[in-house]
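Colleague: Pasting a structure here, questions to come.
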Amino acid sequence: EALQTWKATTTIARIDWIHWITSAKQAKTRTKRIADACSMLTSGKKRVCCFDTSGFYSKAFSAPQAADNQQE
């Protein structure tokens, strides 16, 4: 069931799940988060419930700016 939900999530949601798990500093916490993730996915949750993504995504992911093509 968890795998079915995982396959139905978006790429960004998957990245959030992975980052939430790997951002834990202690191995014990990572292990608990893996178990929690499996439980949440099994219950149908497609997004991690308790992960603040603000500050996670790079500012480099912004839309490109148009080049200034003015001639002098």
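By convention in this document, the chains of the structure tokens carry letters A, B, ... by their order, each chain's residues are numbered from 1, and ligands are numbered from 1 in the order they are shown.
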Can you pull out the residues contacting Thr11 of chain A? Cut-off 12 Å, using only C-alpha atoms, and skip same-chain residues under 5 positions away; I want them as a PDB file with N, CA, C and O atoms, in the first residue's frame.
Modeller:
```pdb
ATOM      1  N   TRP A   6       3.343   5.914  -2.882  1.00  0.00           N
ATOM      2  CA  TRP A   6       4.619   6.503  -3.317  1.00  0.00           C
ATOM      3  C   TRP A   6       4.614   6.722  -4.838  1.00  0.00           C
ATOM      4  O   TRP A   6       4.991   7.777  -5.315  1.00  0.00           O
ATOM      5  N   ASP A  16      10.618  15.837  -1.025  1.00  0.00           N
ATOM      6  CA  ASP A  16      10.318  16.272   0.342  1.00  0.00           C
ATOM      7  C   ASP A  16      10.392  15.108   1.327  1.00  0.00           C
ATOM      8  O   ASP A  16      10.953  15.236   2.418  1.00  0.00           O
ATOM      9  N   TRP A  17       9.812  13.969   0.946  1.00  0.00           N
ATOM     10  CA  TRP A  17       9.888  12.782   1.821  1.00  0.00           C
ATOM     11  C   TRP A  17      11.346  12.402   2.083  1.00  0.00           C
ATOM     12  O   TRP A  17      11.750  12.172   3.230  1.00  0.00           O
ATOM     13  N   ILE A  18      12.118  12.326   1.012  1.00  0.00           N
ATOM     14  CA  ILE A  18      13.517  11.903   1.144  1.00  0.00           C
ATOM     15  C   ILE A  18      14.307  12.898   1.978  1.00  0.00           C
ATOM     16  O   ILE A  18      15.073  12.517   2.874  1.00  0.00           O
ATOM     17  N   LYS A  46       0.134  11.665   0.693  1.00  0.00           N
ATOM     18  CA  LYS A  46       1.078  11.844  -0.407  1.00  0.00           C
ATOM     19  C   LYS A  46       2.136  12.890  -0.094  1.00  0.00           C
ATOM     20  O   LYS A  46       3.119  13.006  -0.820  1.00  0.00           O
ATOM     21  N   ARG A  47       1.936  13.663   0.967  1.00  0.00           N
ATOM     22  CA  ARG A  47       2.895  14.694   1.359  1.00  0.00           C
ATOM     23  C   ARG A  47       3.286  14.459   2.808  1.00  0.00           C
ATOM     24  O   ARG A  47       2.455  14.097   3.632  1.00  0.00           O
TER      25      ARG A  47
END
```
Colleague: Could you pull out the helix (DSSP H, G or I) residues of segment 10-47 of chain A from DSSP and send them as a PyMOL selection string?
Modeller: chain A and resi 11-22+27-42
Colleague: Tell me, as a ChimeraX atom specification, which residues lie within 12 Å of Ala8 of chain A, counting only C-alpha atoms; anything in the same chain fewer than 2 positions away does not count.
Modeller: /A:1-6,10-14,41-42,44-47
Colleague: Using only C-alpha atoms, which residues sit within 12 Å of Thr22 of chain A once same-chain residues fewer than 6 positions away are excluded, as a short mmCIF file (atom, residue, chain, number, x, y, z; two decimals) with C-alpha atoms, in the first residue's frame?
Modeller:
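What landed in result_26.cif:
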```
data_model
loop_
_atom_site.label_atom_id
_atom_site.label_comp_id
_atom_site.auth_asym_id
_atom_site.auth_seq_id
_atom_site.Cartn_x
_atom_site.Cartn_y
_atom_site.Cartn_z
CA ILE A 15 12.01 14.84 -2.76
CA ASP A 16 10.32 16.27 0.34
CA LYS A 28 17.83 6.69 15.44
CA THR A 29 15.69 9.61 14.22
CA ARG A 30 16.17 8.64 10.57
CA THR A 31 15.07 5.09 11.38
CA LYS A 32 11.95 6.41 13.15
CA ARG A 33 11.17 8.72 10.23
CA ILE A 34 11.42 5.82 7.77
CA ALA A 37 6.90 7.60 6.39
CA PHE A 51 8.33 19.08 7.11
#
```
